[in-house]
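For reference, entry08.txt is printed below; it contains compact mmCIF, C-alpha atoms.
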# COMPACT_ATOMS: atom_id res chain seq x y z
CA MET A 1 132.33 83.06 71.28
CA ALA A 2 133.13 83.57 67.58
CA PRO A 3 133.34 80.39 65.44
CA THR A 4 137.04 80.94 64.81
CA ALA A 5 137.78 81.37 68.52
CA HIS A 6 135.82 78.19 69.28
CA LEU A 7 137.88 76.23 66.75
CA VAL A 8 141.09 77.60 68.27
CA ASP A 9 139.95 76.45 71.73
CA GLU A 10 139.24 72.96 70.41
CA LEU A 11 142.66 72.84 68.75
CA LEU A 12 144.33 73.96 71.98
CA GLU A 13 142.47 71.24 73.90
CA GLU A 14 143.86 68.58 71.57
CA ILE A 15 147.37 70.00 72.00
CA PHE A 16 147.05 70.07 75.80
CA LEU A 17 145.78 66.49 75.84
CA ARG A 18 149.04 65.43 74.20
CA LEU A 19 151.24 66.92 76.88
CA PRO A 20 153.22 64.05 78.42
CA ASN A 21 152.38 64.60 82.09
CA PRO A 22 150.44 66.76 84.60
CA ALA A 23 153.54 68.85 85.34
CA GLY A 24 153.59 70.10 81.76
CA LEU A 25 149.86 70.82 81.91
CA ALA A 26 150.27 72.76 85.16
CA ARG A 27 152.94 74.95 83.57
CA ALA A 28 150.75 75.58 80.52
CA SER A 29 147.79 76.59 82.73
CA ILE A 30 149.67 79.61 84.11
CA ALA A 31 150.96 80.80 80.74
CA CYS A 32 147.89 82.99 80.02
CA LEU A 33 144.23 83.40 80.98
CA ARG A 34 142.97 81.60 77.88
CA PHE A 35 145.10 78.52 78.56
CA HIS A 36 143.99 78.54 82.21
CA ARG A 37 140.30 78.72 81.27
CA ILE A 38 140.53 75.80 78.84
CA ILE A 39 142.65 73.59 81.07
CA THR A 40 140.58 74.07 84.25
CA GLU A 41 137.24 73.17 82.62
CA ARG A 42 135.85 69.98 84.20
CA SER A 43 135.16 68.48 80.76
CA PHE A 44 138.79 68.92 79.71
CA LEU A 45 140.21 67.65 83.01
CA ARG A 46 137.99 64.56 82.73
CA ARG A 47 139.42 63.82 79.27
CA PHE A 48 142.99 64.45 80.45
CA ARG A 49 142.65 62.13 83.44
CA LYS A 50 141.48 59.26 81.23
CA LEU A 51 144.72 59.56 79.27
CA HIS A 52 147.01 60.47 82.18
CA PRO A 53 146.26 58.80 85.55
CA PRO A 54 146.68 61.12 88.56
CA PRO A 55 150.27 61.03 89.82
CA LEU A 56 151.32 59.85 93.27
CA LEU A 57 151.75 62.97 95.41
CA GLY A 58 152.37 61.46 98.86
CA PHE A 59 150.41 59.87 101.68
CA ALA A 60 148.07 60.86 104.47
CA GLY A 61 148.30 59.51 108.00
CA THR A 62 147.30 60.41 111.53
CA ARG A 63 150.09 62.98 111.57
CA GLY A 64 149.02 64.82 108.43
CA PHE A 65 150.12 64.77 104.82
CA HIS A 66 153.62 63.73 103.76
CA PRO A 67 154.47 64.87 100.21
CA ALA A 68 156.69 62.92 97.85
CA GLU A 69 160.29 64.06 98.28
CA VAL A 70 163.10 64.78 95.84
CA PRO A 71 164.33 62.89 93.80
CA HIS A 72 160.85 61.43 93.23
CA PRO A 73 159.55 62.92 89.93
CA CYS A 74 156.26 64.02 91.52
CA ALA A 75 157.91 66.07 94.28
CA PRO A 76 157.41 69.42 92.43
CA LEU A 77 153.66 68.68 92.15
CA ALA A 78 153.33 67.43 95.74
CA ARG A 79 154.67 70.49 97.56
CA PRO A 80 151.95 72.93 96.31
CA LEU A 81 149.29 70.47 97.53
CA ALA A 82 150.92 70.18 100.96
CA ASP A 83 151.03 73.98 101.24
CA ALA A 84 147.45 74.61 100.07
CA ALA A 85 145.43 71.75 101.63
CA ASP A 86 144.39 71.25 105.26
CA PHE A 87 145.24 67.69 106.26
CA THR A 88 144.60 68.49 109.92
CA TYR A 89 140.87 68.55 108.98
CA SER A 90 140.29 71.58 111.20
CA PHE A 91 137.41 72.64 108.94
CA VAL A 92 135.40 69.49 109.79
CA PRO A 93 133.27 69.82 112.95
CA LYS A 94 134.78 67.67 115.70
CA PRO A 95 132.92 64.48 116.68
CA SER A 96 131.24 64.44 120.08
CA ASN A 97 133.72 61.80 121.26
CA GLY A 98 137.36 61.56 120.27
CA ARG A 99 138.87 63.10 117.15
CA TRP A 100 138.91 62.50 113.40
CA ILE A 101 141.30 59.88 112.02
CA PRO A 102 141.79 59.20 108.29
CA CYS A 103 140.76 55.69 107.30
CA ASN A 104 140.75 55.86 103.48
CA VAL A 105 141.70 58.18 100.61
CA ARG A 106 140.38 58.12 97.05
CA ASP A 107 139.70 60.61 94.26
CA CYS A 108 141.17 63.48 96.34
CA ARG A 109 138.68 62.79 99.16
CA VAL A 110 139.56 61.63 102.65
CA LEU A 111 137.26 59.36 104.65
CA LEU A 112 137.45 60.20 108.35
CA GLN A 113 136.26 58.14 111.29
CA SER A 114 135.97 59.10 114.94
CA SER A 115 138.51 57.72 117.39
CA GLU A 116 135.78 56.68 119.86
CA TYR A 117 135.48 53.07 120.99
CA ALA A 118 132.57 51.75 118.96
CA TYR A 119 131.96 49.22 116.21
CA PHE A 120 130.13 51.64 113.91
CA LYS A 121 132.09 54.86 114.29
CA LYS A 122 131.04 58.33 113.16
CA LEU A 123 132.13 59.02 109.59
CA ALA A 124 132.81 62.12 107.50
CA VAL A 125 134.05 62.63 103.94
CA CYS A 126 136.10 65.72 103.18
CA ASP A 127 138.17 67.42 100.49
CA PRO A 128 141.26 68.89 102.22
CA LEU A 129 142.02 71.18 99.28
CA SER A 130 138.60 72.84 98.86
CA ARG A 131 137.84 72.40 102.60
CA ARG A 132 134.41 70.94 101.93
CA TYR A 133 132.93 68.07 103.93
CA VAL A 134 129.89 65.87 104.47
CA LEU A 135 129.00 64.33 107.86
CA LEU A 136 127.48 60.90 107.31
CA PRO A 137 124.40 59.78 109.23
CA PRO A 138 124.63 56.62 111.37
CA ILE A 139 123.53 53.29 109.95
CA PRO A 140 119.84 52.85 110.87
CA ASP A 141 119.08 50.29 113.57
CA ASP A 142 116.79 48.34 111.24
CA LEU A 143 119.74 47.69 108.88
CA ALA A 144 122.41 46.82 111.44
CA VAL A 145 122.92 43.21 112.52
CA GLU A 146 123.46 42.12 116.13
CA GLU A 147 126.80 43.67 117.16
CA LYS A 148 127.67 40.80 119.47
CA GLN A 149 128.31 38.71 116.36
CA LEU A 150 130.63 41.34 114.84
CA ILE A 151 134.32 40.40 114.39
CA LYS A 152 135.72 43.29 112.36
CA ILE A 153 134.46 46.30 110.44
CA GLU A 154 136.20 48.34 107.76
CA SER A 155 135.13 51.49 105.94
CA MET A 156 136.30 52.66 102.51
CA LEU A 157 135.48 55.03 99.69
CA ALA A 158 134.15 53.37 96.55
CA PRO A 159 135.60 54.46 93.19
CA ILE A 160 133.66 56.86 90.96
CA GLY A 161 131.87 55.26 88.00
CA GLU A 162 132.42 56.66 84.52
CA ASP A 163 128.84 57.96 84.32
CA GLU A 164 128.72 59.36 87.87
CA ASP A 165 129.00 63.02 88.80
CA GLU A 166 132.54 63.84 89.94
CA THR A 167 131.30 65.40 93.18
CA SER A 168 129.20 62.39 94.20
CA PHE A 169 130.64 59.56 96.26
CA ARG A 170 129.82 56.28 97.96
CA VAL A 171 131.13 54.88 101.25
CA ILE A 172 131.24 51.14 101.90
CA TYR A 173 131.11 49.72 105.44
CA LEU A 174 132.20 46.06 105.31
CA ALA A 175 131.01 44.24 108.43
CA ASN A 176 132.59 40.85 109.13
CA TYR A 177 130.20 38.86 111.32
CA LYS A 178 130.69 35.34 112.66
CA SER A 179 128.18 33.95 110.19
CA LYS A 180 128.25 36.34 107.24
CA LEU A 181 129.66 39.35 105.45
CA VAL A 182 127.51 42.46 105.09
CA ALA A 183 128.34 45.46 102.87
CA PHE A 184 126.54 48.66 103.87
CA VAL A 185 126.70 51.46 101.29
CA PHE A 186 126.10 55.18 101.73
CA SER A 187 125.32 57.27 98.66
CA SER A 188 125.85 61.04 98.65
CA VAL A 189 123.11 61.25 96.01
CA THR A 190 120.38 59.76 98.22
CA GLY A 191 121.94 60.65 101.58
CA ASN A 192 120.99 57.19 102.88
CA TRP A 193 122.54 53.85 103.85
CA CYS A 194 121.43 50.53 102.38
CA VAL A 195 122.50 46.89 102.58
CA ALA A 196 124.09 46.33 99.17
CA ALA A 197 125.39 42.79 99.69
CA SER A 198 125.04 40.10 102.33
CA LEU A 199 126.00 36.45 102.23
CA SER A 200 127.22 33.68 104.51
CA TRP A 201 130.81 32.50 104.81
CA ASN A 202 129.60 29.05 103.89
CA SER A 203 128.36 30.30 100.51
CA LEU A 204 131.86 31.65 99.86
CA GLY A 205 133.38 28.24 100.46
CA THR A 206 134.58 29.00 103.99
CA VAL A 207 132.75 27.03 106.65
CA GLU A 208 134.19 28.90 109.64
CA PRO A 209 134.20 32.58 110.62
CA VAL A 210 137.17 34.40 109.10
CA TYR A 211 139.13 36.16 111.84
CA ASN A 212 142.20 36.78 109.65
CA LEU A 213 140.78 39.11 107.00
CA SER A 214 143.50 41.42 105.71
CA ASN A 215 143.11 45.13 105.06
CA CYS A 216 141.64 45.75 101.63
CA ASN A 217 143.29 47.01 98.48
CA HIS A 218 141.52 48.37 95.42
CA LEU A 219 142.04 48.02 91.70
CA ASP A 220 139.85 48.85 88.70
CA GLY A 221 136.55 48.82 90.57
CA TYR A 222 137.32 45.74 92.68
CA PHE A 223 138.23 45.47 96.37
CA TYR A 224 140.43 42.56 97.47
CA TRP A 225 141.13 40.97 100.83
CA THR A 226 143.35 38.01 101.67
CA VAL A 227 141.41 35.40 103.66
CA LEU A 228 143.62 33.21 105.84
CA SER A 229 141.66 30.08 106.63
CA SER A 230 142.25 26.46 107.64
CA GLN A 231 140.53 25.56 104.36
CA GLY A 232 143.32 27.34 102.44
CA ASP A 233 144.18 30.96 101.67
CA LYS A 234 141.82 32.76 99.32
CA LEU A 235 141.21 36.15 97.78
CA LEU A 236 137.89 37.70 98.70
CA VAL A 237 136.71 39.97 95.87
CA LEU A 238 133.99 42.65 95.92
CA ASP A 239 132.88 44.07 92.57
CA THR A 240 131.82 47.65 93.41
CA ARG A 241 129.69 47.94 90.26
CA SER A 242 127.51 44.89 90.82
CA MET A 243 128.16 44.75 94.60
CA GLU A 244 128.75 41.00 94.38
CA PHE A 245 131.26 38.93 96.38
CA SER A 246 133.38 36.11 95.00
CA THR A 247 136.51 34.18 96.01
CA THR A 248 139.63 32.95 94.25
CA ASN A 249 141.81 30.13 95.56
CA LEU A 250 145.34 31.34 96.36
CA MET A 251 146.84 27.92 97.02
CA THR A 252 147.17 26.48 93.51
CA GLY A 253 150.24 26.35 91.32
CA TYR A 254 153.24 28.37 92.47
CA PRO A 255 151.99 29.37 95.99
CA ALA A 256 151.41 25.68 96.77
CA GLN A 257 154.94 24.87 95.54
CA LEU A 258 156.32 27.69 97.68
CA MET A 259 154.86 26.09 100.80
CA ASN A 260 157.02 23.02 100.19
CA GLN A 261 160.31 24.91 99.85
CA SER A 262 161.99 24.99 103.25
CA ASP A 263 164.33 27.85 102.39
CA LEU A 264 161.55 30.17 101.19
CA SER A 265 158.67 31.48 103.26
CA ARG A 266 155.87 33.90 102.43
CA CYS A 267 155.94 36.49 105.19
CA LYS A 268 153.01 38.72 104.29
CA CYS A 269 149.48 38.39 102.93
CA SER A 270 149.28 38.54 99.16
CA ILE A 271 148.37 41.87 97.57
CA VAL A 272 146.47 42.29 94.30
CA ALA A 273 148.10 45.14 92.38
CA GLY A 274 147.33 44.35 88.75
CA ARG A 275 144.21 43.35 86.85
CA GLY A 276 144.26 43.44 83.07
CA GLN A 277 141.89 41.94 80.55
CA GLU A 278 143.83 38.69 80.52
CA ALA A 279 145.29 38.11 83.99
CA LEU A 280 145.03 38.85 87.71
CA GLU A 281 148.38 39.87 89.22
CA VAL A 282 149.30 39.22 92.85
CA PHE A 283 152.43 40.19 94.79
CA SER A 284 153.77 38.55 97.95
CA LEU A 285 156.75 39.26 100.20
CA VAL A 286 158.96 36.17 100.40
CA ALA A 287 161.98 35.65 102.66
CA ASP A 288 164.92 33.55 101.46
CA GLN A 289 166.48 31.85 104.49
CA SER A 290 169.45 30.62 102.42
CA THR A 291 170.60 34.25 102.03
CA ALA A 292 170.16 35.42 105.64
CA GLY A 293 166.49 36.16 105.20
CA SER A 294 166.78 38.57 102.24
CA LEU A 295 163.41 39.72 100.97
CA ALA A 296 161.97 39.79 97.49
CA VAL A 297 158.57 40.42 95.91
CA HIS A 298 157.23 37.38 94.07
CA HIS A 299 154.92 38.41 91.23
CA ILE A 300 152.40 35.70 90.26
CA ILE A 301 149.58 35.75 87.72
CA GLN A 302 146.36 33.86 87.08
CA LYS A 303 144.80 34.04 83.65
CA ILE A 304 141.20 35.30 83.62
CA ASN A 305 138.48 33.28 81.86
CA ASP A 306 140.94 30.53 80.96
CA GLU A 307 139.72 27.32 82.58
CA SER A 308 142.67 25.38 81.17
CA SER A 309 145.13 27.48 83.20
CA MET A 310 143.57 28.49 86.51
CA GLU A 311 146.71 27.79 88.54
CA TRP A 312 148.89 30.67 89.70
CA GLN A 313 152.15 31.00 87.77
CA LEU A 314 155.36 32.78 88.78
CA GLU A 315 155.91 35.79 86.53
CA LYS A 316 159.05 37.30 88.09
CA VAL A 317 160.99 37.80 91.32
CA ILE A 318 161.80 41.42 92.23
CA PRO A 319 164.67 41.82 94.73
CA LEU A 320 164.14 44.49 97.38
CA PRO A 321 166.76 47.02 98.52
CA GLY A 322 169.15 45.76 101.19
CA LYS A 323 169.83 47.10 104.69
CA TYR A 324 166.18 46.83 105.70
CA PHE A 325 165.02 44.38 108.31
CA ARG A 326 161.24 44.66 107.94
CA PHE A 327 158.84 45.40 105.11
CA THR A 328 155.06 45.82 105.05
CA THR A 329 152.95 46.28 101.93
CA GLY A 330 149.84 47.86 100.46
CA ALA A 331 148.56 48.56 96.96
CA ALA A 332 146.54 51.13 95.01
CA ASP A 333 146.13 52.38 91.44
CA GLY A 334 148.71 50.17 89.75
CA PHE A 335 151.37 50.49 92.46
CA LEU A 336 152.63 48.25 95.25
CA PHE A 337 153.74 50.23 98.30
CA LEU A 338 156.47 49.16 100.69
CA ARG A 339 157.19 50.49 104.17
CA ALA A 340 160.71 49.56 105.28
CA ILE A 341 162.72 49.99 108.47
CA MET A 342 166.38 50.79 107.81
CA TYR A 343 169.21 49.85 110.15
CA LYS A 344 172.92 50.66 110.37
CA GLU A 345 175.55 47.94 110.26
CA ASP A 346 176.69 48.54 113.84
CA GLU A 347 173.11 48.51 115.14
CA LEU A 348 172.06 45.12 113.82
CA ASN A 349 170.82 42.75 116.52
CA THR A 350 170.75 45.50 119.16
CA ASP A 351 167.95 47.27 120.94
CA LYS A 352 168.74 50.42 118.94
CA LEU A 353 166.84 48.96 115.99
CA LEU A 354 163.63 50.28 117.48
CA GLY A 355 165.13 53.52 118.80
CA VAL A 356 165.58 57.00 117.40
CA TYR A 357 168.49 55.91 115.20
CA ALA A 358 166.27 53.90 112.87
CA GLU A 359 164.51 55.35 109.82
CA GLU A 360 161.36 54.41 107.97
CA HIS A 361 161.52 54.57 104.18
CA LEU A 362 158.52 54.35 101.87
CA PHE A 363 158.85 52.96 98.35
CA SER A 364 156.53 52.59 95.39
CA LEU A 365 156.79 49.68 92.96
CA GLU A 366 155.10 50.29 89.60
CA VAL A 367 153.34 47.12 88.51
CA GLN A 368 153.84 47.55 84.76
CA THR A 369 157.58 48.25 84.92
CA SER A 370 158.61 46.71 88.28
CA LYS A 371 160.45 49.99 88.95
CA ILE A 372 161.08 50.73 92.63
CA MET A 373 161.30 54.39 93.72
CA LYS A 374 161.71 55.94 97.15
CA VAL A 375 158.81 58.29 97.93
CA TYR A 376 159.52 59.50 101.44
CA ARG A 377 161.95 59.12 104.32
CA LYS A 378 160.92 59.45 107.94
CA ARG A 379 163.76 60.26 110.30
CA SER A 380 162.37 58.24 113.21
CA LEU A 381 159.84 55.54 113.98
CA ASP A 382 157.23 58.03 115.21
CA SER A 383 154.63 56.08 113.29
CA ASP A 384 151.51 57.32 111.51
CA GLY A 385 149.94 53.89 111.96
CA ARG A 386 148.14 53.01 108.75
CA ILE A 387 148.89 55.31 105.84
CA TYR A 388 146.85 56.10 102.75
CA TRP A 389 148.41 56.99 99.42
CA TYR A 390 147.22 60.17 97.75
CA PHE A 391 146.91 60.34 93.96
CA GLY A 392 145.81 63.64 92.48
CA PHE A 393 146.71 66.77 90.58
CA PRO A 394 148.28 70.00 91.87
CA PRO A 395 145.90 72.73 93.12
CA SER A 396 146.01 74.60 89.80
CA LEU A 397 144.44 71.57 88.06
CA SER A 398 142.02 70.52 90.80
CA LYS A 399 138.30 71.10 91.19
CA PRO A 400 136.30 70.55 94.41
CA SER A 401 135.51 66.82 94.77
CA ILE A 402 132.51 67.40 97.11

For this file, produce the structure as structure tokens.
Amino acid sequence: MAPTAHLVDELLEEIFLRLPNPAGLARASIACLRFHRIITERSFLRRFRKLHPPPLLGFAGTRGFHPAEVPHPCAPLARPLADAADFTYSFVPKPSNGRWIPCNVRDCRVLLQSSEYAYFKKLAVCDPLSRRYVLLPPIPDDLAVEEKQLIKIESMLAPIGEDEDETSFRVIYLANYKSKLVAFVFSSVTGNWCVAASLSWNSLGTVEPVYNLSNCNHLDGYFYWTVLSSQGDKLLVLDTRSMEFSTTNLMTGYPAQLMNQSDLSRCKCSIVAGRGQEALEVFSLVADQSTAGSLAVHHIIQKINDESSMEWQLEKVIPLPGKYFRFTTGAADGFLFLRAIMYKEDELNTDKLLGVYAEEHLFSLEVQTSKIMKVYRKRSLDSDGRIYWYFGFPPSLSKPSI
């Protein structure tokens, strides 16, 4: 390439980096061959993603992929992904028993587990867009602990480190035993499992086995679980870089005050959805009995590395849309997600609430702005079970992740 042409390419890169969103970049990539070549280089896409986080395109469940719908701003980017990708996973060889079920989504990869009845299920990691996959080997017997002591097991994809190859991945198997927690980790680089972390409940300040361990949520390299215990509710934290566990007390400051207010009741485990340099941010669903059980999200914070202010403080109360009688929550990548069942005025307090007349609506709540947006509407309660939010770029800006 001539020196002048090289300088022009560098100038174009800087211009493309300043485009306000992925939609603008996608339009630029189809303007001409030169723009397409520059924009689809892995090095450029890596730089762009550091400045512009991948947008929310929809969610994956047992019934496939559900793209964000109009009027959500990401709907134009979501439809091309839904048309091009295979979220039935037909390209992945079927397990010997059962079928594949999604159990986690991250970095445009889907973690699949077999539907067979077993503690340690068969696992596969796939990229529905490029239709590539890896079948994971079973955990070796010499690493596994006695299964009779096993209470719960959960598998998840670990986030990619800044220095890691974009096509490499790690899978974490968190095994909750009666006496301890064990984190098994599979690396696509080595092709092997190892025990990355193991410690007793007693060392985490919980003297009894934890049966009420919530589903995890992830933020900035940390996994969080709410631990409901007779010793007091806590946050269990796993740092995926150091693979170290820690706990944070959830029952200081505002949450403790909330317990003493008869008209307010926390109705769902707390969800970590924000972690800056200065504070940890937690969101909880709270019902107000003085207003017929109306629901709101209570946003509390705890300052990090500030021993003088370790108690949780109320930051704000975010009212939720009316005409819904049940909410459930999850969190990922700076968003809180809300699944809500909608009812009609004439159906309240009737059996029709759980019939075909009800609808399920899915909302996103952006942590930084507290803005609530509807992502998807399901016309019936034909449930996907657990759902997993998909953040990514449209096919024209995507490279194989495996």

So which residues fall inside 8 Å of (126.8, 58.2, 91.4) if we count all atoms listed in the file? Mind giving them as a PDB file with C-alpha atoms, keeping the file's coordinate frame?
ATOM      1  CA  ILE A 160     133.660  56.860  90.960  1.00  0.00           C
ATOM      2  CA  GLY A 161     131.870  55.260  88.000  1.00  0.00           C
ATOM      3  CA  ASP A 163     128.840  57.960  84.320  1.00  0.00           C
ATOM      4  CA  GLU A 164     128.720  59.360  87.870  1.00  0.00           C
ATOM      5  CA  ASP A 165     129.000  63.020  88.800  1.00  0.00           C
ATOM      6  CA  SER A 168     129.200  62.390  94.200  1.00  0.00           C
ATOM      7  CA  PHE A 169     130.640  59.560  96.260  1.00  0.00           C
ATOM      8  CA  ARG A 170     129.820  56.280  97.960  1.00  0.00           C
ATOM      9  CA  SER A 187     125.320  57.270  98.660  1.00  0.00           C
ATOM     10  CA  SER A 188     125.850  61.040  98.650  1.00  0.00           C
ATOM     11  CA  VAL A 189     123.110  61.250  96.010  1.00  0.00           C
TER      12      VAL A 189
END

Counting only C-alpha atoms, closest pick from A:Ile318, A:Thr247, A:Lys152, A:Val195 relative to Ser294 of chain A is A:Ile318

Would you compute the box with edges along x, y and z of the file around segment 240-258 of chain A, including every atom the file lists for it and 3 Å extra on each side, and give its centre and edge lengths in Å to one decimal, as AutoDock Vina command-line options?
--center_x 141.9 --center_y 36.4 --center_z 94.0 --size_x 34.8 --size_y 29.1 --size_z 13.4

Protein and nucleic acid residues near (137.4, 30.5, 92.2) (cut-off 10 Å, all atoms listed in the file) as a ChimeraX atom specification = /A:204-205,234-236,246-250,310

Closest of A:Pro137, A:Pro93, A:Pro20, A:Pro76 to Val171 of chain A, counting only C-alpha atoms, is A:Pro137

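From atom CA of Cys216 of chain A back to atom CA of Ser115 of chain A, the distance works out to 20.0 Å.
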
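Rounded to one decimal, atom CA of Leu25 of chain A and atom CA of Ala85 of chain A lie 20.2 Å from each other.
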
One residue among A:Leu129, A:Gly322, A:Arg99, A:Lys303 is nearest to Tyr117 of chain A when using all atoms listed in the file, and that residue is A:Arg99

What separates atom CA of Glu13 of chain A and atom CA of Ile39 of chain A is a distance of 7.5 Å

Each residue of segment 33-131 of chain A lying at most 12 Å from segment 363-379 of chain A should get a row with its shortest atom-to-atom pair and the distance in Å to one decimal, counting all atoms listed in the file; could you produce that, ordered by chain and increasing number, as a tab-separated table?
residue	atom	partner	partner_atom	distance
A:Pro55	CA	A:Glu366	CA	11.8
A:Leu56	CA	A:Val375	CA	9.0
A:Leu57	CA	A:Val375	CA	8.8
A:Gly58	CA	A:Val375	CA	7.2
A:Phe59	CA	A:Tyr376	CA	9.1
A:Ala60	CA	A:Tyr376	CA	11.9
A:Arg63	CA	A:Lys378	CA	12.0
A:Phe65	CA	A:Tyr376	CA	11.3
A:His66	CA	A:Tyr376	CA	7.6
A:Pro67	CA	A:Tyr376	CA	7.5
A:Ala68	CA	A:Val375	CA	5.1
A:Glu69	CA	A:Tyr376	CA	5.6
A:Val70	CA	A:Val375	CA	8.1
A:Pro71	CA	A:Lys374	CA	8.1
A:His72	CA	A:Val375	CA	6.0
A:Pro73	CA	A:Val375	CA	9.3
A:Cys74	CA	A:Val375	CA	9.0
A:Ala75	CA	A:Val375	CA	8.6
A:Ala78	CA	A:Val375	CA	10.9

Notebook entry, point to check: Leaving out Leu112 of chain A and any residue of its chain fewer than 2 positions from it, which residues lie within 8 Å of it when counting all atoms listed in the file, given as a VMD selection string?
Noted result: chain A and resid 100 to 104 110 114 123 to 126
